[in-house]
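*Asks:* Starting off with a structure, shown below.
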Amino acid sequence: MPKLELNYKELPPCDVLVAGGGSAGVAAAVSAGRAGAKTILIEKSTFLGGMATGALVTPMMKNALDARNILTKGVFLEVCNRLVKAGGGATFQDGNPGWFNPEVYKWVLDEMCLEAKVKLMFENQIVAVEMLHATSLLKRIFFVNKGGFFSIAAKEFIDCTGDGDLIALSGTSHESGEKNHRQAMSLRFMMSGVDLRVLAKWLKENDKKGDSPVHFLDNGDILLSSAYTFEKEWTLKPFFDDALKNKELEKEDAAYFQIFSVPASQGLVAFNCPRITPESKTLDPLNNEDTSWILTHGRQMIKKISNFCKKYLPGFSHSYVCQIAPNIGVRESRRLIGQYVLSADDVLSGKKFEDAIADSNWPIDIHPSRIGEKGQLRHPPKNDYYQIPLRSLLPKENEIKNLIVAGRCLSASFEAQGSARIQANCWAMGEAAGILAAKRIKNSDLSKDTKAERR
Ligand SMILES: Cc1cc2nc3c(=O)[nH]c(=O)nc-3n(C[C@H](O)[C@H](O)[C@H](O)COP(=O)(O)OP(=O)(O)OC[C@H]3O[C@@H](n4cnc5c(N)ncnc54)[C@H](O)[C@@H]3O)c2cc1C
């Protein structure tokens, strides 16, 4: 094996280094920047948003007790309001403020970071870290771009990579999946040219069970959603029955189908599918053989599903696929094993914590990774919510002292992560992480000043 020589260039250090610019990463960077910390955000893609933009995960799911009592506030609500002002966001009739256009979202997130004086470094993949084991401190991270290898040292690091890359690279305790179970991955896409008025009219006339809500906004836009799975008598079922009988769809294509219109975009529909669930294998988001296969297989599924929509669904006859997500939708991969591991019992009993940083009533929502397996949808108590403690963002103290973890890679059991992973919670976790990182730096600078004065 040839020895890999790594010649790297050291870039100027910062206070807070945020790895990954998804919901959690942007919240962390903006909060640290606003608290006065010199903050750098390193992102491997060409845009911010992570799953929300790169995997086209729109809308954000509702995290609220009712239409008036939204459980996530702070920068999450700020970004929702900014999206509306930018012409790319809307609130659904159930009070969910998280309907958005992913392309508008990209520049709204840029603006928030730049205003908070966060240095954005796109197209950089973090590939290694340097640990100071004697002090349990992370010293610097190494990353690669077209210009070569680089490193940056920081006082505090926040792992918002979703996949827990800093956790893994620093040797911090983590796990992924549960036994042979994983969350299914999806390759989402969008279709344009849909006549939403025709679709909305048909859904209004035919939805007898309330599975396909339609909301007409004052500006004339239509927000709507509909779905189909094998488990229920959905409004769209007759179309799927026909397409399956005619072999235009296979079982895997029809196992999970969900659509949402996109605010401020005429005729645009976002698909929360296809869900990639082969019979023979549990796919691993950290295995490149698996993810490469998912991309080609997923695109074939999109071909079939979009043809089905054009042929069968009202309003879709002139529609076309306008975007296939550049990134695979990964619901779960590495999870920190930190100072507190949030459990399914915590979610289902509505547990509260003294060090709470997020409130949520989203259910444990597990998408089976193999066709034929059963998923889970288990709710916290009615009219109640559970909390995520700050300790679920912190590695064990003897392992690493200056790393905080936020987003879907938090310290939670496989089941609890199935609830905590929604975007609103990732925003709340990132915000808490950014504030804590800036505070720890201020406190340590203060204690250095005090020591100097005493001398
Ligand atoms: C198919 C699917 C459907 C979902 N449906 C919903 C839904 O309807 N509503 C909802 O609210 N939530 C939903 N979720 C969950 C939610 O979208 C995600 O859990 C959430 O967006 C994760 O945010 P995050 O910031 O933790 O991570 P991510 O959004 O994954 O962000 C991680 C960022 O880190 C970057 N990164 C990763 N590794 C590196 C590296 N080594 N170096 C540099 N950068 C790196 C990535 O490029 C990315 O930008 C869904 C998820 C999926 C996959």
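Within each chain, counting starts at residue 1; across the structure tokens, chains are named A, B, ... in the order shown, with ligands numbered 1 upward in that order.
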For Phe47 (chain A), work out the shell of residues within 9 Å, counting only C-alpha atoms and skipping chain neighbours fewer than 5 positions away, then give it as a ChimeraX atom specification.

*Replies:* /A:21,53-54,106-107,109-110,122-123

*Asks:* Counting only C-alpha atoms and all ligand atoms, what residues are within 6 Å of ligand 1, given as JSON, numbers by chain?

*Replies:* {"A": [19, 20, 21, 22, 23, 24, 25, 42, 43, 44, 45, 48, 49, 50, 51, 52, 57, 59, 60, 61, 124, 125, 126, 127, 160, 161, 162, 165, 186, 329, 330, 331, 407, 408, 421, 422, 423, 424, 426]}

*Asks:* Can you pull out every residue from region 110-231 of chain A that DSSP, working from the backbone, puts in strand (DSSP E or B), and format the result as an NGL selection string?

*Replies:* :A and (119-121 or 125-132 or 137-145 or 148-159 or 174-176 or 178 or 181 or 183 or 185-186 or 189-192 or 214-216 or 222-229)

*Asks:* Would you compute the distance between CA of Phe150 (chain A) and CA of Glu289 (chain A)? Give it in Å to one decimal.

*Replies:*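 Between CA of Phe150 (chain A) and CA of Glu289 (chain A) the gap is 27.6 Å.
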
*Asks:* Excluding Arg275 (chain A) and any residue of its chain fewer than 3 positions from it, enumerate the residues within 7 Å of it, using only C-alpha atoms, and give them as a ChimeraX atom specification.

*Replies:* /A:184-187,256

*Asks:* Those same residues - all heavy atoms - I'd like them written as a PDB file, in the first residue's frame.

*Replies:*
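Done, and the output landed in selection_33.pdb:
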ATOM      1  N   ALA A 184     -35.388   3.617   7.099  1.00  0.00           N
ATOM      2  CA  ALA A 184     -35.276   3.591   5.633  1.00  0.00           C
ATOM      3  C   ALA A 184     -34.704   4.913   5.133  1.00  0.00           C
ATOM      4  O   ALA A 184     -34.930   5.962   5.738  1.00  0.00           O
ATOM      5  CB  ALA A 184     -36.655   3.392   5.028  1.00  0.00           C
ATOM      6  N   MET A 185     -33.965   4.837   4.033  1.00  0.00           N
ATOM      7  CA  MET A 185     -33.539   6.064   3.353  1.00  0.00           C
ATOM      8  C   MET A 185     -34.499   6.333   2.187  1.00  0.00           C
ATOM      9  O   MET A 185     -35.164   5.411   1.704  1.00  0.00           O
ATOM     10  CB  MET A 185     -32.107   5.899   2.845  1.00  0.00           C
ATOM     11  CG  MET A 185     -31.096   5.979   3.956  1.00  0.00           C
ATOM     12  SD  MET A 185     -29.429   5.622   3.388  1.00  0.00           S
ATOM     13  CE  MET A 185     -29.349   3.849   3.642  1.00  0.00           C
ATOM     14  N   SER A 186     -34.552   7.570   1.740  1.00  0.00           N
ATOM     15  CA  SER A 186     -35.423   7.936   0.617  1.00  0.00           C
ATOM     16  C   SER A 186     -34.637   8.805  -0.355  1.00  0.00           C
ATOM     17  O   SER A 186     -33.654   9.443   0.043  1.00  0.00           O
ATOM     18  CB  SER A 186     -36.640   8.736   1.095  1.00  0.00           C
ATOM     19  OG  SER A 186     -37.430   7.968   1.966  1.00  0.00           O
ATOM     20  N   LEU A 187     -35.057   8.814  -1.601  1.00  0.00           N
ATOM     21  CA  LEU A 187     -34.487   9.763  -2.572  1.00  0.00           C
ATOM     22  C   LEU A 187     -35.660  10.633  -3.035  1.00  0.00           C
ATOM     23  O   LEU A 187     -36.479  10.187  -3.839  1.00  0.00           O
ATOM     24  CB  LEU A 187     -33.846   9.031  -3.755  1.00  0.00           C
ATOM     25  CG  LEU A 187     -33.101   9.938  -4.731  1.00  0.00           C
ATOM     26  CD1 LEU A 187     -31.886  10.587  -4.059  1.00  0.00           C
ATOM     27  CD2 LEU A 187     -32.642   9.155  -5.967  1.00  0.00           C
ATOM     28  N   TYR A 256     -44.828   3.480   0.026  1.00  0.00           N
ATOM     29  CA  TYR A 256     -44.921   4.730   0.783  1.00  0.00           C
ATOM     30  C   TYR A 256     -44.880   5.885  -0.209  1.00  0.00           C
ATOM     31  O   TYR A 256     -43.899   6.059  -0.927  1.00  0.00           O
ATOM     32  CB  TYR A 256     -43.751   4.838   1.769  1.00  0.00           C
ATOM     33  CG  TYR A 256     -43.886   6.001   2.724  1.00  0.00           C
ATOM     34  CD1 TYR A 256     -44.613   5.874   3.902  1.00  0.00           C
ATOM     35  CD2 TYR A 256     -43.295   7.225   2.450  1.00  0.00           C
ATOM     36  CE1 TYR A 256     -44.754   6.941   4.777  1.00  0.00           C
ATOM     37  CE2 TYR A 256     -43.433   8.301   3.321  1.00  0.00           C
ATOM     38  CZ  TYR A 256     -44.162   8.152   4.478  1.00  0.00           C
ATOM     39  OH  TYR A 256     -44.303   9.198   5.349  1.00  0.00           O
TER      40      TYR A 256
END

*Asks:* With only C-alpha atoms as the basis for distance, which of A:Ile357, A:Ala254, A:Leu11, A:Val108 is at the shortest distance from Pro274 (chain A)?

*Replies:*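 Closest to Pro274 (chain A) of all the choices is A:Ala254.
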
*Asks:* For Lys374 (chain A), which residue among A:Lys155, A:Lys311, A:Arg299, A:His181 is the nearest when counting only C-alpha atoms?

*Replies:*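 Among the listed residues, A:His181 lies closest to Lys374 (chain A).
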
*Asks:* With a distance cut-off of 9 Å and only C-alpha atoms, select the neighbouring residues of Met429 (chain A), excluding the residue or stretch itself and same-chain residues fewer than 6 positions from it, and output the selection as a list in words.

*Replies:*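 Answer for this query is Ala24, Ala27, Ala28, Ile357, Ala358, Ile388, Leu390, Leu393, Val405, Ala406, Gly407 and Leu410 of chain A.
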
*Asks:* Within 12 Å of region 131-137 of chain A, counting only C-alpha atoms, which residues show up once you throw out same-chain ones fewer than 4 positions away? Write them as a PyMOL selection string, please.

*Replies:* chain A and resi 141-142+153-157+166-167+169-172+395-404

*Asks:* Please tabulate, as CSV, the residues of region 226-335 of chain A that come within 9 Å of region 197-221 of chain A, each with its closest pair of atoms and the distance in Å to one decimal, counting only C-alpha atoms and ordering rows by chain, then residue number upward.

*Replies:*
residue,atom,partner,partner_atom,distance
A:Ser226,CA,A:Ser212,CA,4.4
A:Ala227,CA,A:Ser212,CA,7.2
A:Glu233,CA,A:Lys209,CA,8.8
A:Trp234,CA,A:Asp211,CA,6.8
A:Thr235,CA,A:Asp207,CA,5.4
A:Leu236,CA,A:Asp207,CA,8.6
A:Pro263,CA,A:Asp221,CA,6.9
A:Ala264,CA,A:Asp221,CA,6.7
A:Ser265,CA,A:Asp221,CA,8.2
A:Gln266,CA,A:Asp221,CA,7.7
A:Gly267,CA,A:Arg197,CA,8.9
A:Leu313,CA,A:Leu199,CA,7.7
A:Pro314,CA,A:Leu199,CA,5.2
A:Gly315,CA,A:Leu199,CA,4.9
A:Phe316,CA,A:Leu199,CA,7.9

*Asks:* Could you please take those selected residues and save all heavy atoms as a compact mmCIF listing (two decimals), in the first residue's frame?

*Replies:*
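Everything below was put into selection13.txt:
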# COMPACT_ATOMS: atom_id res chain seq x y z
N SER A 226 -51.13 14.85 0.32
CA SER A 226 -51.86 13.59 0.25
C SER A 226 -50.85 12.46 0.35
O SER A 226 -49.64 12.71 0.31
CB SER A 226 -52.65 13.50 -1.07
OG SER A 226 -53.56 12.44 -0.98
N ALA A 227 -51.34 11.25 0.52
CA ALA A 227 -50.40 10.14 0.75
C ALA A 227 -51.04 8.81 0.37
O ALA A 227 -52.24 8.74 0.07
CB ALA A 227 -49.99 10.12 2.22
N GLU A 233 -56.96 2.85 3.96
CA GLU A 233 -57.82 3.11 2.80
C GLU A 233 -57.68 4.58 2.39
O GLU A 233 -58.57 5.39 2.61
CB GLU A 233 -59.28 2.80 3.15
CG GLU A 233 -59.58 1.35 3.39
CD GLU A 233 -59.55 0.53 2.11
OE1 GLU A 233 -60.13 0.96 1.10
OE2 GLU A 233 -58.91 -0.54 2.13
N TRP A 234 -56.54 4.96 1.84
CA TRP A 234 -56.30 6.36 1.49
C TRP A 234 -57.18 6.80 0.32
O TRP A 234 -57.59 5.98 -0.50
CB TRP A 234 -54.84 6.55 1.05
CG TRP A 234 -53.83 6.23 2.11
CD1 TRP A 234 -53.21 5.03 2.31
CD2 TRP A 234 -53.30 7.12 3.10
NE1 TRP A 234 -52.33 5.12 3.37
CE2 TRP A 234 -52.37 6.40 3.87
CE3 TRP A 234 -53.53 8.47 3.41
CZ2 TRP A 234 -51.66 6.97 4.92
CZ3 TRP A 234 -52.82 9.03 4.45
CH2 TRP A 234 -51.90 8.28 5.21
N THR A 235 -57.39 8.10 0.23
CA THR A 235 -58.18 8.67 -0.87
C THR A 235 -57.58 8.27 -2.23
O THR A 235 -58.30 8.02 -3.19
CB THR A 235 -58.21 10.21 -0.74
OG1 THR A 235 -58.73 10.53 0.55
CG2 THR A 235 -59.06 10.86 -1.80
N LEU A 236 -56.25 8.23 -2.32
CA LEU A 236 -55.61 7.94 -3.61
C LEU A 236 -55.56 6.43 -3.93
O LEU A 236 -55.05 6.05 -4.98
CB LEU A 236 -54.17 8.48 -3.61
CG LEU A 236 -53.97 10.00 -3.49
CD1 LEU A 236 -52.49 10.35 -3.53
CD2 LEU A 236 -54.70 10.75 -4.61
N PRO A 263 -44.92 26.23 -1.10
CA PRO A 263 -45.42 27.61 -1.13
C PRO A 263 -44.71 28.49 -2.15
O PRO A 263 -43.52 28.27 -2.43
CB PRO A 263 -45.15 28.13 0.29
CG PRO A 263 -44.37 27.11 0.99
CD PRO A 263 -44.39 25.85 0.20
N ALA A 264 -45.44 29.46 -2.64
CA ALA A 264 -44.91 30.46 -3.57
C ALA A 264 -44.25 29.84 -4.79
O ALA A 264 -43.26 30.34 -5.30
CB ALA A 264 -43.91 31.37 -2.84
N SER A 265 -44.80 28.71 -5.26
CA SER A 265 -44.23 28.07 -6.46
C SER A 265 -45.40 27.47 -7.22
O SER A 265 -45.99 26.50 -6.77
CB SER A 265 -43.29 26.93 -6.07
OG SER A 265 -42.79 27.09 -4.79
N GLN A 266 -45.73 28.09 -8.32
CA GLN A 266 -46.88 27.64 -9.09
C GLN A 266 -46.69 26.21 -9.58
O GLN A 266 -45.74 25.92 -10.28
CB GLN A 266 -47.06 28.54 -10.33
CG GLN A 266 -47.39 29.98 -10.01
CD GLN A 266 -48.82 30.13 -9.54
OE1 GLN A 266 -49.72 29.52 -10.10
NE2 GLN A 266 -49.02 30.92 -8.51
N GLY A 267 -47.59 25.34 -9.20
CA GLY A 267 -47.60 23.99 -9.77
C GLY A 267 -46.46 23.09 -9.34
O GLY A 267 -46.14 22.12 -10.03
N LEU A 313 -52.94 10.67 -11.77
CA LEU A 313 -53.39 11.63 -10.74
C LEU A 313 -53.98 12.91 -11.35
O LEU A 313 -53.40 13.48 -12.28
CB LEU A 313 -52.23 12.01 -9.80
CG LEU A 313 -51.62 10.90 -8.95
CD1 LEU A 313 -50.72 11.47 -7.86
CD2 LEU A 313 -52.68 10.02 -8.30
N PRO A 314 -55.11 13.37 -10.81
CA PRO A 314 -55.73 14.60 -11.33
C PRO A 314 -54.77 15.78 -11.25
O PRO A 314 -54.11 15.98 -10.21
CB PRO A 314 -56.91 14.82 -10.37
CG PRO A 314 -57.14 13.51 -9.70
CD PRO A 314 -55.84 12.79 -9.68
N GLY A 315 -54.66 16.54 -12.33
CA GLY A 315 -53.81 17.74 -12.34
C GLY A 315 -52.37 17.49 -12.77
O GLY A 315 -51.60 18.42 -12.99
N PHE A 316 -51.98 16.22 -12.94
CA PHE A 316 -50.57 15.92 -13.23
C PHE A 316 -50.28 15.68 -14.72
O PHE A 316 -49.13 15.40 -15.08
CB PHE A 316 -50.11 14.66 -12.46
CG PHE A 316 -49.67 14.94 -11.04
CD1 PHE A 316 -50.60 15.15 -10.04
CD2 PHE A 316 -48.32 15.00 -10.72
CE1 PHE A 316 -50.20 15.40 -8.73
CE2 PHE A 316 -47.91 15.27 -9.41
CZ PHE A 316 -48.85 15.47 -8.41

*Asks:* Quick one: everything within 7 Å of Leu336 (chain A), counting only C-alpha atoms, minus sequence neighbours fewer than 3 positions away in the same chain. Send it as a VMD selection string.

*Replies:* chain A and resid 167 173 to 175 409 to 411

*Asks:* Which one of A:Leu114, A:Ile371, A:Leu223, A:Leu138 sits closest to Asp94 (chain A) if you count only C-alpha atoms?

*Replies:*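 Counting only C-alpha atoms, the residue closest to Asp94 (chain A) is A:Leu223.
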
*Asks:* Can you measure CA of Glu10 (chain A) to CA of Phe149 (chain A) for me? One decimal in Å is fine.

*Replies:*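 CA of Phe149 (chain A) lies 8.9 Å from CA of Glu10 (chain A).
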
*Asks:* Go ahead and compute the interatomic distance for CA of Gln339 (chain A) and CA of Pro381 (chain A), in Å to one decimal.

*Replies:*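 Distance reported for this atom pair: 25.4 Å.
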